[in-house]
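Below is one structure; the comments refer to it alone.
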Amino acid sequence: MVRTAAAARRLLAASALSTLFVLPAMAQDATPADDGETIVVTGSRIQRSDYNIANPLVTVTAETLEQSGNVQIIDTLAQNPALINSLGGARTSGSNSDFGAVGVALLDLRGLGENRTLVLVNGRRHVASLSGSAAVDINTIPNDLIEGIDVLTGGASAIYGADGVSGVVNFRLKRDFDGFKASGQVGISSRGDAGQRYGSLTYGKNFSDGRGNIALSYEFREQDRLSSFNRSRTGNPLNTYGIVRDPSDIPDDPNVPDRRPFNNLRYADSSLGGAIDVDLDGIPDFTGEGKVYDRGLLLPSSGGLTQGGDSTPLAGYQGDLQAYNRVHNFNLLSHYDFSDAVKFFFEAKYVKNKTFTLAQPSFDFFTYLTPDNAYLQDQFGALAPDGALVSRDNFDMGVRGERNERETMRFVGGFEGAISDHARYELSYTFGQTKSKVLLTDYRIGDRYWAAIDAVRDPATGQIVCRSDLDPTANINPDNYDAPATTFTPGAGSGCRPLNLLGNGAPSQAALDWVNADILNRAKIQQHVVSGSISGDFGQFFELPGGPIGFALGGEYRKEKSSFLPDELLQQGALQDFSLQLPEKGSFDVKEIFGELSVPVLKDMPFAHTLSFGAAVRLSDYSTVGKTTTWKVDGTYAPIPDITFRGTLSEAVRAPNITELFAPRNGGFSFIGDPCDPVYIGEGTQYRAANCQASLTAAGLTPDQIAAFNPENDPTATVSLPGNSGGNRNLREETARTWTAGTVLRPRFIPGLIASFDWYDIKIKNAINTPTAEELAGLCVDQPTLDNVYCQNITRANGTGYISGYFVQPQNVANFKTAGADIKLNYSFDTAKAGAFSISLVGGYLDKLQFIATPGAEVNVDRLEAYFPKWNATGDITWKLDKLTVNYGVSWFSKTRRYTTEQLDANPDIAAPKYQWYKEKWQHDLYLAYDVDERFRFYVGANNLFDQQPSIASSNYPISYVGRYMYAGAKITM
């Protein structure tokens, strides 16, 4: 819950000076400046005596963070209309997490991607947290040192450099801390899980008569792992629903919804203890335990699902809803003023972050057991004269997991001071480093696995052994008969232990210890930034009627390096469930010069309370893409103090990151729903049907075969498919054109009221787009012709037409467009006896969010789809009476589509209207605090007070899986 109202009463005292709707926390100090005091405003390098900048900006204060009750900052910031698509929680846990990204919290401004959001700390860049990227894990930011968080749209790249094409999020940390502060908080869900713990200690001391200050801070945060089995709606098959094809509506009746909710869904013909096909007809006959196999209700065109029976339930299959996360965060902040002309500052931090999550198990699909397999003979005997096919989900072999350890160090040092009464300088050096260990747990080693399941009886002893112990020349991998063993030497004494696949729990621990491995990968990211600037005004020479012209001029050098070293087994391609991964290494540097002007034309004149203009430009020279230019122009006009108009126009660039450029060609596996299947062929663009016809014809299918093409009903086509991904060294920068326009109302006839409305419009051209494998398949056939970059990177098997391979690679081919409005309101008033009240509203309207895959292609409209609601708002009411503070907040957004606009346009009866939408979000939060005295505060609260649950067939949308969450905390200041 983003609450900006709690501090509004004391902050609105400065609002008469402001020409935009933000709280004074956007400045470097927490209290309003006296007239004439210089303050650095987020979004500008020019020091100013007020907050007259043209960019729309929203600030989240330290008090807001406390009142949210969220230990994880991402849970608070993701309530902000501009950051609603940010990644955290379930989206970085379990099977949803990307490799190496478990438990991270990544900000996504305007829904344009984490790599397009520039994250700053005290106005300076922060080292990335994921190898090869620019994304910053905000778990590395210390909660208790935050003074405020500024969210800025438009013109950020001209001020701060590349990557901020959608804007910037700046974390401002407290300075000049003198004294001791301790705080702690614990919380738990109403179901007794999903616990969180937080504690911090900060000690600061002024010295040399206040010329110097040093502060040390330690912070601890911990979040419990939450398995999907801990929630009935995700872990109990009878209460876990999916919306899938209704078999009674095949062939399609346009008056009957195609899909409806089903519970007790299962992966067809695969079981925990094995689905055993003894007559090799592709249909299981028995379970691994020997029971006649119950296939349940088959659901055609559902991606290989059944309802009921002996197959593996979907419930709980995807792993955790919430990863375990533990953070130790140490910070040092210091400065010493030798004189007004020479002031030294130094910041240092060390962050240790540990995360862990369980994802999904490994699986076997039609794995062949030979007729003389000892376990097969013991279980089925003459029933399997030609061997058997086994399909199973290997929960009993150790569910695959990921354990990450990240160490982040950052040092900032430099000098600043006054050159004259009208000019200042700053020179700084920033070094950042992130080291990561990514441990993949319980992954099968391919050659050992195949050797272990090829179990026979030793004729000499009658014991079950690995065939390769008796015959070192035996085939190790039936899929590649020439493949030799690479991780062991076949023969007596090899260490191979026979592995029994027949029955849940049948594999012995000795066999699992020999087959499974934990895979350790390492990554290292480094950032060096040297920056210098001179800022001030021309007041010693001349002044305009509105005041002196302000300026900033400077230069910057930045070098980014990243490396990723996979485990040796990965580099060998030795894992059964993970393709070959090669080391990744790359770097780039950039030299930049920048300048900024602030021109206050008029002030305190009739029909011109204020009139000012601004401009900024940055010239960059990258070692990768060469020279780029970014710029911004802006203006504010207040005819009277009650109303201010403002606007910006800017052009920003984002250079490709290291992974996009330098990633080697690696292997991978992906589930791909074939867009040419009858289930999906009507859910694409107008070109899909004809392109699918041409694509399948090129794969050698006859018209009759094309008419019968239905890979969704063939389990061999719906398994995880092998493919490749890699970087592209020919990438160029992408360019964003942004404009904003808004107005701020500060009516004098309603004291304490301030409101604003801002419109934003962002267009990104030559955008770098890296589709997923499934998106690649759809984009190929959704273009005007098959002659496009996506079709070049996907292959179909001759004869069947099934997708057989893919290559995912970034390209400068896409365009993004988004536009909408930010609406903000604050109202604060005191009463004689009932205390003080503050009311706050932060709202957003999304007018459009469009993606154009290639020039000339159909427009993909993402507005109203999940995480992109048309309307959203966060409102708060805060009441303060003596020592008591009560805050009540509501976070809401409108319903969003479960299916894409393309799917709905092509197939209006895809589901009943109520299932075409995810329901609205309604989260109610309550916070109560009592100040025992000036030093001690105790508080309690509850988030999602009325325990709203996610939509049917969703585990975490539109609201968190946690449900009602309760917490209590205390703060001591001395």
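Every chain in the structure tokens has a letter given in the order shown (A, B, ...), and although residue numbers restart at 1 in each chain, ligands are simply numbered from 1 in the order shown.
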
Query raised in the report: Contacts of Asp782 in chain A at 10 Å or less, counting only C-alpha atoms, minus same-chain residues fewer than 6 places along, as a ChimeraX atom specification?
Result: /A:675,681,683-692,776,790,853,857-858

Selection export as a compact mmCIF listing (two decimals), in the first residue's frame, atoms kept: N, CA and C atoms:
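Dumped to part.txt:
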```txt
# COMPACT_ATOMS: atom_id res chain seq x y z
N PRO A 675 1.07 -22.38 -32.17
CA PRO A 675 0.04 -21.44 -32.63
C PRO A 675 -0.77 -21.97 -33.80
N ILE A 681 -5.15 -21.46 -33.31
CA ILE A 681 -5.00 -20.84 -34.62
C ILE A 681 -5.95 -19.65 -34.79
N GLU A 683 -6.60 -17.53 -32.46
CA GLU A 683 -6.31 -16.55 -31.42
C GLU A 683 -5.18 -15.61 -31.80
N GLY A 684 -4.81 -15.62 -33.06
CA GLY A 684 -3.75 -14.75 -33.51
C GLY A 684 -4.26 -13.64 -34.40
N THR A 685 -3.38 -13.12 -35.22
CA THR A 685 -3.74 -12.05 -36.13
C THR A 685 -4.45 -12.62 -37.36
N GLN A 686 -4.84 -11.72 -38.23
CA GLN A 686 -5.52 -12.13 -39.46
C GLN A 686 -4.62 -12.96 -40.37
N TYR A 687 -3.31 -12.92 -40.12
CA TYR A 687 -2.37 -13.62 -40.99
C TYR A 687 -2.09 -15.05 -40.52
N ARG A 688 -2.49 -15.39 -39.31
CA ARG A 688 -2.03 -16.64 -38.72
C ARG A 688 -2.47 -17.86 -39.51
N ALA A 689 -3.73 -17.96 -39.88
CA ALA A 689 -4.23 -19.17 -40.54
C ALA A 689 -3.50 -19.43 -41.85
N ALA A 690 -3.35 -18.41 -42.68
CA ALA A 690 -2.68 -18.60 -43.98
C ALA A 690 -1.21 -18.93 -43.77
N ASN A 691 -0.56 -18.27 -42.82
CA ASN A 691 0.85 -18.55 -42.58
C ASN A 691 1.06 -19.95 -42.03
N CYS A 692 0.16 -20.42 -41.18
CA CYS A 692 0.27 -21.79 -40.68
C CYS A 692 0.11 -22.80 -41.82
N LEU A 776 8.01 -16.54 -29.76
CA LEU A 776 8.68 -16.65 -31.05
C LEU A 776 7.81 -17.40 -32.05
N TYR A 790 11.49 -13.71 -37.01
CA TYR A 790 11.08 -14.73 -36.06
C TYR A 790 11.02 -16.11 -36.72
N ALA A 853 5.68 -5.95 -33.09
CA ALA A 853 6.79 -6.90 -33.12
C ALA A 853 7.83 -6.57 -34.18
N ALA A 857 3.97 -4.86 -38.77
CA ALA A 857 3.21 -5.96 -38.18
C ALA A 857 1.97 -5.43 -37.46
N GLU A 858 1.10 -6.36 -37.09
CA GLU A 858 -0.10 -6.01 -36.34
C GLU A 858 0.28 -5.45 -34.96
```

Requested in this report: Run DSSP on the backbone of this structure and report the residues of range 368-598 of chain A it assigns to alpha helix (DSSP H), as a VMD selection string.
Outcome: chain A and resid 374 to 380 446 to 453 467 to 470 509 to 515 568 to 572

Query raised in the report: Given the choices A:Gly573, A:Gly647, A:Gly69, A:Pro639, which gets closest to Gly154 in chain A if the distance is worked out from only C-alpha atoms?
Result: A:Gly647

Cut-off 9 Å: closest range 113-194 of chain A/range 420-439 of chain A atom pairs per residue, using only C-alpha atoms, as a Markdown table:
```
| residue | atom | partner | partner_atom | distance |
| --- | --- | --- | --- | --- |
| A:Arg124 | CA | A:Thr430 | CA | 8.2 |
| A:Arg125 | CA | A:Thr430 | CA | 8.1 |
| A:His126 | CA | A:Gly432 | CA | 6.9 |
| A:Val127 | CA | A:Gly432 | CA | 5.1 |
| A:Ala128 | CA | A:Thr434 | CA | 7.2 |
| A:Ser129 | CA | A:Thr434 | CA | 6.1 |
| A:Leu130 | CA | A:Thr434 | CA | 8.2 |
| A:Ser131 | CA | A:Thr434 | CA | 8.6 |
```

Query - Coordinates-based distance that separates CA of Leu358 in chain A from CA of Tyr375 in chain A (Å, one decimal) - result: 29.7 Å

Requested in this report: Using DSSP on the backbone coordinates, identify the residues of range 842-872 of chain A assigned to strand (DSSP E or B); present them as a PyMOL selection string.
Outcome: chain A and resi 842-852+859-861+865+871-872

Dump as a CSV table (one decimal), in the first residue's frame, selection limited to C-alpha atoms:
```csv
chain,number,residue,atom,x,y,z
A,842,VAL,CA,-2.6,8.5,-6.1
A,843,GLY,CA,-4.3,7.2,-9.2
A,844,GLY,CA,-3.4,6.1,-12.7
A,845,TYR,CA,-5.2,5.7,-16.0
A,846,LEU,CA,-3.6,3.6,-18.8
A,847,ASP,CA,-4.7,4.8,-22.2
A,848,LYS,CA,-2.6,2.5,-24.3
A,849,LEU,CA,0.2,-0.1,-24.1
A,850,GLN,CA,1.1,-1.4,-27.5
A,851,PHE,CA,3.8,-3.6,-28.8
A,852,ILE,CA,4.6,-3.9,-32.5
A,859,VAL,CA,-0.3,-4.0,-33.2
A,860,ASN,CA,-0.4,-6.1,-30.0
A,861,VAL,CA,-2.5,-4.3,-27.4
A,865,GLU,CA,-4.3,-7.6,-19.7
A,871,TRP,CA,-7.6,2.3,-13.8
A,872,ASN,CA,-5.8,1.9,-10.5
```

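For the choices A:Tyr961, A:Leu884, A:Trp879, A:Leu597, the atom-to-atom distance to Ser232 in chain A is smallest for A:Tyr961 when using only C-alpha atoms.
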
Query raised in the report: Skipping near chain neighbours, those fewer than 6 positions away, what residues fall within 6 Å of Asp876 in chain A using only C-alpha atoms, listed as a ChimeraX atom specification?
Result: /A:3,839-840,888-889

With C-alpha atoms retained, export the selected residues as an mmCIF file, in the first residue's frame.
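File written: again.cif
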```cif
data_model
loop_
_atom_site.group_PDB
_atom_site.id
_atom_site.type_symbol
_atom_site.label_atom_id
_atom_site.label_comp_id
_atom_site.auth_asym_id
_atom_site.auth_seq_id
_atom_site.Cartn_x
_atom_site.Cartn_y
_atom_site.Cartn_z
ATOM 1 C CA ARG A 3 0.406 5.851 1.541
ATOM 2 C CA ILE A 839 -6.252 12.380 2.891
ATOM 3 C CA SER A 840 -4.227 11.144 -0.051
ATOM 4 C CA TYR A 888 -6.484 3.280 6.743
ATOM 5 C CA GLY A 889 -5.556 2.564 3.164
#
```

**Report entry** A:Gly274, A:Gly547, A:Gly726, A:Pro498 ranked by distance to Leu582 in chain A, top pick (using only C-alpha atoms)
**Finding:** A:Gly726

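The spacing separating CA of Gly210 in chain A from CA of Lys181 in chain A amounts to 19.3 Å.
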
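CA of Pro247 in chain A is positioned 11.1 Å from CA of Phe262 in chain A.
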
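Between Ser334 in chain A and the residues A:Lys174, A:Lys824, A:Arg392, A:Arg197, the shortest atom-to-atom distance, using only C-alpha atoms, involves A:Lys174.
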
**Report entry** Residue neighbourhood range 211-213 of chain A, 10 Å, only C-alpha atoms, exclusion window fewer than 3 positions, as a VMD selection string
**Finding:** chain A and resid 175 to 178 204 to 208 333 to 339 343 to 345

Residues from the last selection, N, CA and C atoms, saved as a compact mmCIF listing (two decimals), in the first residue's frame:
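Result went into again-v7.txt, see below:
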```txt
# COMPACT_ATOMS: atom_id res chain seq x y z
N ARG A 175 20.89 11.58 5.82
CA ARG A 175 22.24 12.11 6.05
C ARG A 175 22.26 12.79 7.42
N ASP A 176 23.47 13.00 7.93
CA ASP A 176 23.66 13.70 9.20
C ASP A 176 22.86 13.05 10.33
N PHE A 177 22.98 11.73 10.43
CA PHE A 177 22.28 11.05 11.51
C PHE A 177 23.11 11.17 12.79
N ASP A 178 22.50 11.71 13.85
CA ASP A 178 23.20 11.91 15.12
C ASP A 178 22.38 11.26 16.22
N GLY A 204 24.79 7.18 14.70
CA GLY A 204 25.50 8.26 14.02
C GLY A 204 26.03 9.27 15.01
N LYS A 205 27.08 9.97 14.59
CA LYS A 205 27.72 10.93 15.49
C LYS A 205 28.27 12.10 14.70
N ASN A 206 27.87 13.31 15.10
CA ASN A 206 28.50 14.51 14.60
C ASN A 206 29.81 14.76 15.35
N PHE A 207 30.77 15.34 14.68
CA PHE A 207 32.04 15.66 15.34
C PHE A 207 32.62 16.92 14.70
N SER A 208 33.67 17.44 15.33
CA SER A 208 34.32 18.68 14.87
C SER A 208 33.30 19.80 14.74
N LEU A 333 27.80 5.85 6.19
CA LEU A 333 27.60 7.14 5.53
C LEU A 333 28.41 8.18 6.29
N SER A 334 29.21 8.95 5.59
CA SER A 334 30.04 9.92 6.30
C SER A 334 30.35 11.11 5.40
N HIS A 335 30.68 12.23 6.08
CA HIS A 335 31.18 13.38 5.35
C HIS A 335 31.98 14.25 6.32
N TYR A 336 32.85 15.03 5.75
CA TYR A 336 33.62 15.98 6.57
C TYR A 336 33.82 17.25 5.74
N ASP A 337 33.44 18.38 6.33
CA ASP A 337 33.53 19.67 5.66
C ASP A 337 34.81 20.37 6.09
N PHE A 338 35.82 20.32 5.24
CA PHE A 338 37.06 21.05 5.55
C PHE A 338 36.79 22.55 5.51
N SER A 339 35.97 22.93 4.57
CA SER A 339 35.54 24.33 4.43
C SER A 339 34.36 24.34 3.48
N LYS A 343 34.43 19.80 0.68
CA LYS A 343 33.64 18.91 1.52
C LYS A 343 33.82 17.48 0.99
N PHE A 344 34.26 16.63 1.87
CA PHE A 344 34.52 15.24 1.50
C PHE A 344 33.32 14.38 1.92
N PHE A 345 32.93 13.44 1.06
CA PHE A 345 31.85 12.52 1.42
C PHE A 345 32.25 11.10 1.03
```

Each range 137-256 of chain A residue no farther than 12 Å from range 557-570 of chain A, nearest pair in Å, only C-alpha atoms, as CSV:
```
residue,atom,partner,partner_atom,distance
A:Tyr160,CA,A:Arg558,CA,11.7
A:Gly161,CA,A:Arg558,CA,10.0
A:Ala162,CA,A:Arg558,CA,10.9
```

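Using only C-alpha atoms for every distance, the candidate list A:Gly667, A:Pro459, A:Gly88, A:Gly179 yields A:Gly88 as the residue closest to Ala105 in chain A.
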
Query - Within 6 Å of Gly503 in chain A using only C-alpha atoms, minus same-chain residues under 6 positions, as an MDAnalysis selection string - result: chainID A and resid 273 288:289

Preceding selection exported with N, CA and C atoms as a PDB file, in the first residue's frame:
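And here's result-v3.pdb as it stands now:
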```pdb
ATOM      1  N   GLY A 273       4.312 -42.273  -9.401  1.00  0.00           N
ATOM      2  CA  GLY A 273       5.032 -43.539  -9.328  1.00  0.00           C
ATOM      3  C   GLY A 273       5.277 -44.178 -10.667  1.00  0.00           C
ATOM      4  N   GLY A 288       3.078 -47.525 -11.592  1.00  0.00           N
ATOM      5  CA  GLY A 288       4.336 -48.160 -11.207  1.00  0.00           C
ATOM      6  C   GLY A 288       4.173 -49.125 -10.055  1.00  0.00           C
ATOM      7  N   GLU A 289       3.119 -48.936  -9.263  1.00  0.00           N
ATOM      8  CA  GLU A 289       2.867 -49.829  -8.138  1.00  0.00           C
ATOM      9  C   GLU A 289       2.137 -51.106  -8.557  1.00  0.00           C
TER      10      GLU A 289
END
```

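Of the listed residues (A:Ala741, A:Ile453, A:Leu332, A:Ala834), A:Ala741 comes nearest to Trp759 in chain A; the distances count only C-alpha atoms.
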